[in-house]
>>> print(open('structure-v6.pdb').read())   # PDB, C-alpha atoms, pLDDT in the B column
ATOM      1  CA  MET A   1      44.894 -20.604  -2.873  1.00 54.00           C
ATOM      2  CA  PRO A   2      46.401 -17.090  -2.439  1.00 66.00           C
ATOM      3  CA  ARG A   3      44.912 -14.136  -4.231  1.00 84.00           C
ATOM      4  CA  TRP A   4      47.705 -13.222  -6.612  1.00 93.00           C
ATOM      5  CA  THR A   5      48.786  -9.653  -7.240  1.00 93.00           C
ATOM      6  CA  ASN A   6      52.130  -8.279  -8.399  1.00 92.00           C
ATOM      7  CA  ASP A   7      53.029  -7.616  -4.756  1.00 92.00           C
ATOM      8  CA  THR A   8      52.045 -11.052  -3.426  1.00 94.00           C
ATOM      9  CA  ILE A   9      53.996 -12.782  -6.222  1.00 94.00           C
ATOM     10  CA  LEU A  10      57.131 -10.718  -5.567  1.00 93.00           C
ATOM     11  CA  GLY A  11      56.699 -11.231  -1.826  1.00 92.00           C
ATOM     12  CA  GLU A  12      56.502 -14.984  -2.266  1.00 93.00           C
ATOM     13  CA  ILE A  13      59.574 -15.079  -4.540  1.00 92.00           C
ATOM     14  CA  LEU A  14      61.547 -13.076  -1.951  1.00 91.00           C
ATOM     15  CA  ARG A  15      60.288 -15.291   0.886  1.00 90.00           C
ATOM     16  CA  ARG A  16      61.532 -18.367  -0.961  1.00 89.00           C
ATOM     17  CA  TYR A  17      64.854 -16.634  -1.634  1.00 86.00           C
ATOM     18  CA  GLU A  18      65.343 -15.614   2.014  1.00 82.00           C
ATOM     19  CA  THR A  19      64.562 -19.141   3.218  1.00 82.00           C
ATOM     20  CA  GLN A  20      67.018 -20.545   0.623  1.00 76.00           C
ATOM     21  CA  GLN A  21      64.374 -22.528  -1.258  1.00 82.00           C
ATOM     22  CA  ASP A  22      64.891 -23.544  -4.861  1.00 79.00           C
ATOM     23  CA  LEU A  23      63.967 -20.683  -7.191  1.00 84.00           C
ATOM     24  CA  SER A  24      65.040 -22.250 -10.478  1.00 79.00           C
ATOM     25  CA  TYR A  25      62.250 -22.634 -13.045  1.00 79.00           C
ATOM     26  CA  SER A  26      62.228 -26.427 -12.738  1.00 73.00           C
ATOM     27  CA  GLY A  27      62.374 -26.225  -8.940  1.00 77.00           C
ATOM     28  CA  LEU A  28      59.386 -23.915  -8.788  1.00 83.00           C
ATOM     29  CA  ALA A  29      57.469 -26.046 -11.318  1.00 81.00           C
ATOM     30  CA  ARG A  30      58.005 -28.986  -8.969  1.00 81.00           C
ATOM     31  CA  GLU A  31      57.452 -27.240  -5.625  1.00 87.00           C
ATOM     32  CA  ASP A  32      55.043 -24.338  -6.257  1.00 90.00           C
ATOM     33  CA  LEU A  33      53.359 -24.506  -9.649  1.00 91.00           C
ATOM     34  CA  PRO A  34      50.634 -21.933  -8.762  1.00 94.00           C
ATOM     35  CA  LEU A  35      53.322 -19.329  -7.973  1.00 94.00           C
ATOM     36  CA  LEU A  36      55.157 -20.087 -11.213  1.00 92.00           C
ATOM     37  CA  ARG A  37      51.957 -19.775 -13.277  1.00 93.00           C
ATOM     38  CA  ALA A  38      50.999 -16.530 -11.532  1.00 95.00           C
ATOM     39  CA  ALA A  39      54.504 -15.092 -12.123  1.00 94.00           C
ATOM     40  CA  VAL A  40      54.279 -15.880 -15.837  1.00 92.00           C
ATOM     41  CA  ARG A  41      50.728 -14.514 -16.098  1.00 93.00           C
ATOM     42  CA  TYR A  42      51.404 -11.231 -14.263  1.00 94.00           C
ATOM     43  CA  PHE A  43      54.962 -10.492 -15.448  1.00 93.00           C
ATOM     44  CA  GLY A  44      55.086 -12.130 -18.892  1.00 90.00           C
ATOM     45  CA  SER A  45      57.765 -14.653 -17.947  1.00 88.00           C
ATOM     46  CA  TYR A  46      59.301 -16.166 -14.825  1.00 89.00           C
ATOM     47  CA  PRO A  47      62.735 -14.491 -15.344  1.00 88.00           C
ATOM     48  CA  LEU A  48      60.987 -11.098 -15.580  1.00 91.00           C
ATOM     49  CA  ALA A  49      59.182 -11.765 -12.281  1.00 92.00           C
ATOM     50  CA  VAL A  50      62.488 -12.699 -10.619  1.00 91.00           C
ATOM     51  CA  ALA A  51      64.096  -9.504 -11.979  1.00 90.00           C
ATOM     52  CA  ALA A  52      61.133  -7.450 -10.685  1.00 92.00           C
ATOM     53  CA  ALA A  53      61.863  -8.923  -7.241  1.00 91.00           C
ATOM     54  CA  GLY A  54      65.393  -7.510  -7.515  1.00 90.00           C
ATOM     55  CA  LEU A  55      67.084 -10.892  -7.947  1.00 87.00           C
ATOM     56  CA  ASP A  56      69.482 -12.097 -10.631  1.00 83.00           C
ATOM     57  CA  TYR A  57      67.828 -14.950 -12.530  1.00 79.00           C
ATOM     58  CA  ASP A  58      71.163 -16.189 -13.926  1.00 74.00           C
ATOM     59  CA  GLU A  59      72.491 -16.510 -10.378  1.00 73.00           C
ATOM     60  CA  LEU A  60      69.426 -18.515  -9.365  1.00 72.00           C
ATOM     61  CA  ARG A  61      69.835 -20.805 -12.374  1.00 65.00           C
ATOM     62  CA  ARG A  62      73.515 -21.269 -11.617  1.00 54.00           C
ATOM     63  CA  TYR A  63      72.582 -22.396  -8.111  1.00 51.00           C
ATOM     64  CA  ARG A  64      71.212 -25.586  -9.664  1.00 53.00           C
ATOM     65  CA  SER A  65      74.567 -26.399 -11.233  1.00 68.00           C
ATOM     66  CA  TRP A  66      76.685 -26.271  -8.069  1.00 80.00           C
ATOM     67  CA  THR A  67      78.797 -29.371  -7.508  1.00 84.00           C
ATOM     68  CA  ASN A  68      81.207 -30.017  -4.643  1.00 90.00           C
ATOM     69  CA  ALA A  69      84.112 -29.340  -7.022  1.00 88.00           C
ATOM     70  CA  ARG A  70      82.618 -25.994  -8.144  1.00 85.00           C
ATOM     71  CA  ILE A  71      81.972 -24.942  -4.548  1.00 91.00           C
ATOM     72  CA  VAL A  72      85.582 -25.723  -3.584  1.00 92.00           C
ATOM     73  CA  GLU A  73      86.912 -23.950  -6.686  1.00 87.00           C
ATOM     74  CA  ARG A  74      84.831 -20.827  -5.973  1.00 87.00           C
ATOM     75  CA  LEU A  75      85.919 -20.733  -2.317  1.00 93.00           C
ATOM     76  CA  GLN A  76      89.577 -21.025  -3.303  1.00 90.00           C
ATOM     77  CA  GLU A  77      89.133 -18.310  -5.931  1.00 85.00           C
ATOM     78  CA  LEU A  78      87.599 -15.962  -3.339  1.00 87.00           C
ATOM     79  CA  ALA A  79      90.351 -16.816  -0.836  1.00 87.00           C
ATOM     80  CA  THR A  80      93.049 -15.772  -3.323  1.00 83.00           C
ATOM     81  CA  GLN A  81      91.241 -12.415  -3.617  1.00 80.00           C
ATOM     82  CA  ASN A  82      91.446 -12.035   0.198  1.00 79.00           C
ATOM     83  CA  ALA A  83      87.644 -11.943   0.325  1.00 83.00           C
ATOM     84  CA  ASP A  84      85.853 -12.082   3.673  1.00 83.00           C
ATOM     85  CA  LEU A  85      84.703 -15.719   3.762  1.00 89.00           C
ATOM     86  CA  SER A  86      82.851 -15.517   7.062  1.00 86.00           C
ATOM     87  CA  TRP A  87      79.403 -17.123   6.777  1.00 84.00           C
ATOM     88  CA  ARG A  88      77.541 -13.882   7.413  1.00 80.00           C
ATOM     89  CA  HIS A  89      79.390 -11.951   4.714  1.00 81.00           C
ATOM     90  CA  VAL A  90      79.178 -14.651   2.028  1.00 86.00           C
ATOM     91  CA  SER A  91      75.546 -15.579   2.688  1.00 83.00           C
ATOM     92  CA  LEU A  92      74.285 -11.982   2.854  1.00 79.00           C
ATOM     93  CA  LYS A  93      76.535 -10.059   0.472  1.00 80.00           C
ATOM     94  CA  LEU A  94      79.349 -11.786  -1.372  1.00 82.00           C
ATOM     95  CA  ASP A  95      77.738 -14.874  -2.948  1.00 83.00           C
ATOM     96  CA  PRO A  96      74.460 -16.035  -1.376  1.00 83.00           C
ATOM     97  CA  THR A  97      73.969 -18.828  -3.933  1.00 81.00           C
ATOM     98  CA  LEU A  98      77.393 -20.271  -3.103  1.00 87.00           C
ATOM     99  CA  ALA A  99      76.617 -20.185   0.613  1.00 89.00           C
ATOM    100  CA  ALA A 100      73.198 -21.772   0.144  1.00 86.00           C
ATOM    101  CA  ALA A 101      74.587 -24.549  -2.049  1.00 87.00           C
ATOM    102  CA  ALA A 102      77.571 -25.307   0.224  1.00 91.00           C
ATOM    103  CA  VAL A 103      75.444 -26.011   3.314  1.00 90.00           C
ATOM    104  CA  LYS A 104      72.974 -28.294   1.546  1.00 88.00           C
ATOM    105  CA  ARG A 105      73.030 -31.866   2.871  1.00 87.00           C
ATOM    106  CA  HIS A 106      73.963 -33.331  -0.519  1.00 88.00           C
ATOM    107  CA  HIS A 107      76.997 -31.011  -0.689  1.00 91.00           C
ATOM    108  CA  PHE A 108      78.926 -30.249   2.517  1.00 93.00           C
ATOM    109  CA  GLY A 109      76.176 -29.835   5.112  1.00 90.00           C
ATOM    110  CA  SER A 110      77.907 -26.940   6.881  1.00 92.00           C
ATOM    111  CA  TRP A 111      79.969 -23.873   6.093  1.00 93.00           C
ATOM    112  CA  ARG A 112      82.876 -25.226   8.156  1.00 92.00           C
ATOM    113  CA  ALA A 113      82.952 -28.465   6.138  1.00 95.00           C
ATOM    114  CA  ALA A 114      82.886 -26.541   2.837  1.00 95.00           C
ATOM    115  CA  LEU A 115      85.773 -24.284   3.879  1.00 95.00           C
ATOM    116  CA  GLU A 116      87.804 -27.238   5.134  1.00 95.00           C
ATOM    117  CA  ALA A 117      87.201 -29.116   1.864  1.00 96.00           C
ATOM    118  CA  ALA A 118      88.682 -26.067   0.107  1.00 95.00           C
ATOM    119  CA  GLY A 119      91.762 -26.288   2.353  1.00 94.00           C
ATOM    120  CA  LEU A 120      90.810 -23.163   4.341  1.00 92.00           C
ATOM    121  CA  ASP A 121      90.963 -22.668   8.113  1.00 88.00           C
ATOM    122  CA  TYR A 122      87.422 -22.126   9.389  1.00 87.00           C
ATOM    123  CA  ASP A 123      88.484 -20.777  12.798  1.00 81.00           C
ATOM    124  CA  THR A 124      90.814 -18.189  11.255  1.00 79.00           C
ATOM    125  CA  ILE A 125      88.164 -17.097   8.727  1.00 81.00           C
ATOM    126  CA  ARG A 126      85.495 -16.876  11.399  1.00 75.00           C
ATOM    127  CA  ARG A 127      87.680 -14.482  13.370  1.00 60.00           C
ATOM    128  CA  TYR A 128      88.477 -12.131  10.452  1.00 55.00           C
ATOM    129  CA  HIS A 129      85.352 -10.045  10.781  1.00 54.00           C
ATOM    130  CA  ASP A 130      85.848  -9.670  14.551  1.00 60.00           C
ATOM    131  CA  TRP A 131      89.117  -7.774  14.064  1.00 71.00           C
ATOM    132  CA  ASP A 132      88.827  -4.018  14.249  1.00 77.00           C
ATOM    133  CA  GLU A 133      91.551  -1.504  13.379  1.00 85.00           C
ATOM    134  CA  LYS A 134      92.664  -1.288  17.021  1.00 86.00           C
ATOM    135  CA  GLU A 135      93.286  -5.050  17.212  1.00 83.00           C
ATOM    136  CA  ILE A 136      95.194  -5.047  13.898  1.00 87.00           C
ATOM    137  CA  VAL A 137      97.421  -2.182  15.074  1.00 90.00           C
ATOM    138  CA  ARG A 138      98.032  -3.988  18.381  1.00 89.00           C
ATOM    139  CA  ARG A 139      99.085  -7.188  16.578  1.00 87.00           C
ATOM    140  CA  ILE A 140     101.416  -5.294  14.220  1.00 90.00           C
ATOM    141  CA  GLN A 141     103.062  -3.481  17.127  1.00 91.00           C
ATOM    142  CA  GLU A 142     103.422  -6.784  18.968  1.00 90.00           C
ATOM    143  CA  ARG A 143     105.248  -8.303  15.969  1.00 89.00           C
ATOM    144  CA  HIS A 144     107.475  -5.220  15.753  1.00 88.00           C
ATOM    145  CA  THR A 145     108.330  -5.335  19.485  1.00 90.00           C
ATOM    146  CA  THR A 146     109.294  -9.014  19.297  1.00 90.00           C
ATOM    147  CA  GLY A 147     111.450  -8.392  16.203  1.00 87.00           C
ATOM    148  CA  LYS A 148     109.318 -10.412  13.782  1.00 88.00           C
ATOM    149  CA  PRO A 149     109.475  -9.315  10.113  1.00 87.00           C
ATOM    150  CA  LEU A 150     106.679  -7.042   8.916  1.00 87.00           C
ATOM    151  CA  HIS A 151     107.034  -7.130   5.133  1.00 83.00           C
ATOM    152  CA  ALA A 152     104.008  -8.512   3.303  1.00 83.00           C
ATOM    153  CA  LYS A 153     105.606 -11.787   2.187  1.00 83.00           C
ATOM    154  CA  ALA A 154     106.565 -12.648   5.770  1.00 84.00           C
ATOM    155  CA  LEU A 155     102.999 -12.012   6.931  1.00 81.00           C
ATOM    156  CA  GLU A 156     101.556 -14.092   4.100  1.00 77.00           C
ATOM    157  CA  ARG A 157     103.836 -16.904   5.224  1.00 77.00           C
ATOM    158  CA  ASP A 158     103.583 -16.528   9.026  1.00 76.00           C
ATOM    159  CA  ASP A 159     100.318 -14.763   9.878  1.00 76.00           C
ATOM    160  CA  THR A 160      97.783 -14.787   7.063  1.00 72.00           C
ATOM    161  CA  ALA A 161      94.972 -13.919   9.483  1.00 72.00           C
ATOM    162  CA  LEU A 162      96.636 -10.622  10.413  1.00 81.00           C
ATOM    163  CA  ILE A 163      97.521  -9.480   6.894  1.00 82.00           C
ATOM    164  CA  THR A 164      94.136 -10.522   5.498  1.00 77.00           C
ATOM    165  CA  ALA A 165      92.268  -8.637   8.231  1.00 79.00           C
ATOM    166  CA  ALA A 166      94.555  -5.616   7.716  1.00 84.00           C
ATOM    167  CA  ARG A 167      93.918  -5.576   3.967  1.00 80.00           C
ATOM    168  CA  ARG A 168      90.181  -5.559   4.644  1.00 76.00           C
ATOM    169  CA  ARG A 169      90.296  -2.751   7.189  1.00 81.00           C
ATOM    170  CA  PHE A 170      92.945  -0.567   5.517  1.00 84.00           C
ATOM    171  CA  PRO A 171      93.327   0.414   1.841  1.00 78.00           C
ATOM    172  CA  ALA A 172      96.801  -1.191   1.719  1.00 82.00           C
ATOM    173  CA  TRP A 173      99.305  -3.020   3.950  1.00 85.00           C
ATOM    174  CA  HIS A 174     101.585   0.048   4.232  1.00 86.00           C
ATOM    175  CA  LYS A 175      98.606   2.048   5.588  1.00 89.00           C
ATOM    176  CA  SER A 176      98.137  -0.463   8.406  1.00 90.00           C
ATOM    177  CA  LEU A 177     101.852  -0.168   9.253  1.00 90.00           C
ATOM    178  CA  ALA A 178     101.549   3.623   9.287  1.00 91.00           C
ATOM    179  CA  ALA A 179      98.525   3.339  11.609  1.00 92.00           C
ATOM    180  CA  ALA A 180     100.760   1.317  13.945  1.00 91.00           C
ATOM    181  CA  GLY A 181     103.329   4.141  13.883  1.00 92.00           C
ATOM    182  CA  LEU A 182     105.831   2.261  11.713  1.00 89.00           C
ATOM    183  CA  ASP A 183     107.745   3.400   8.644  1.00 85.00           C
ATOM    184  CA  TYR A 184     106.869   1.213   5.655  1.00 80.00           C
ATOM    185  CA  THR A 185     109.920   2.433   3.671  1.00 83.00           C
ATOM    186  CA  GLU A 186     112.270   1.375   6.453  1.00 81.00           C
ATOM    187  CA  ILE A 187     110.660  -2.088   6.593  1.00 77.00           C
ATOM    188  CA  VAL A 188     110.992  -2.526   2.808  1.00 69.00           C
ATOM    189  CA  LEU A 189     114.594  -1.273   2.788  1.00 70.00           C
ATOM    190  CA  ARG A 190     115.448  -3.796   5.469  1.00 65.00           C
ATOM    191  CA  ASN A 191     114.062  -6.522   3.148  1.00 58.00           C
ATOM    192  CA  PRO A 192     114.511  -5.200  -0.430  1.00 49.00           C
ATOM    193  CA  SER A 193     114.163  -8.629  -2.013  1.00 48.00           C
ATOM    194  CA  GLU A 194     110.740  -9.057  -0.380  1.00 44.00           C
ATOM    195  CA  LYS A 195     109.184  -5.780  -1.525  1.00 44.00           C
ATOM    196  CA  ARG A 196     105.457  -6.042  -2.217  1.00 44.00           C
TER     197      ARG A 196
END
>>> encode(input="structure-v6.pdb", output="structure tokens")
Amino acid sequence: MPRWTNDTILGEILRRYETQQDLSYSGLAREDLPLLRAAVRYFGSYPLAVAAAGLDYDELRRYRSWTNARIVERLQELATQNADLSWRHVSLKLDPTLAAAAVKRHHFGSWRAALEAAGLDYDTIRRYHDWDEKEIVRRIQERHTTGKPLHAKALERDDTALITAARRRFPAWHKSLAAAGLDYTEIVLRNPSEKR
């Protein structure tokens, strides 16, 4: 049995978090009762121990209530916000509990399967984070050279990967056009009904 101290308790909580093990109260009671008892004894309560480890106890509790429908709903919600849904970004920064739940065997088993269940294109999403500003500018100039429309609505219809990557790398769509040497005003005037 480990010799418990504040540091060893926090270390063990973080180890379980990093390895995506269940950190809900009931999960810990089932899987590691000595750790749960030590956390309560040293920190006054389990939620206080989790907070001392720098984690959000409400997020960990919510993890237990993920269903396939909630995972799909959350993915679609994030997609409408043009969030980076690459595995690395979601699992490390955006919503680690969503990522952990989605890949569980009793849910979707893989990130690709979860995205596809939400009606999202895994291959397009996977490529988003590989696009740098140079590649975005190149793609915009290519569309311009071939006479394809460059107003936002056209991109949302024809090339969501490009406009989504551009909105992540630049503060706004017109800034990405300016970076490509194009005049946003001229593009909007050419398509006044499609102004965004």
>>> residues_around(input="structure-v6.pdb", residues="Ala51 (chain A)", least_positions_apart="5", cutoff="12 Å", atoms="all atoms listed in the file", output="PyMOL selection string")
chain A and resi 10+13-14+39+43-46+56-60
>>> resolve_selection(input="structure-v6.pdb", expression="the PyMOL selection byres ((chain A and resi 16-25) around 9)", output="number ranges by chain")
A: 11-15, 26-31, 36, 46-47, 50, 55, 57, 60-64, 96-97, 100-101
>>> atom_distance(input="structure-v6.pdb", atom1="CA of His89 (chain A)", atom2="CA of Arg105 (chain A)")
21.0 Å
>>> atom_distance(input="structure-v6.pdb", atom1="CA of Val72 (chain A)", atom2="CA of Asp121 (chain A)")
13.2 Å
>>> atom_distance(input="structure-v6.pdb", atom1="CA of Leu177 (chain A)", atom2="CA of Lys153 (chain A)")
14.1 Å
>>> residues_around(input="structure-v6.pdb", residues="Lys134 (chain A)", least_positions_apart="4", cutoff="10 Å", atoms="all atoms listed in the file", output="list of chain:residue names")
A:Arg138, A:Arg139, A:Ala179, A:Ala180
>>> residues_around(input="structure-v6.pdb", residues="Trp87 (chain A)", least_positions_apart="2", cutoff="9 Å", atoms="only C-alpha atoms", output="ChimeraX atom specification")
/A:84-85,89-92,99,111-112,125-126
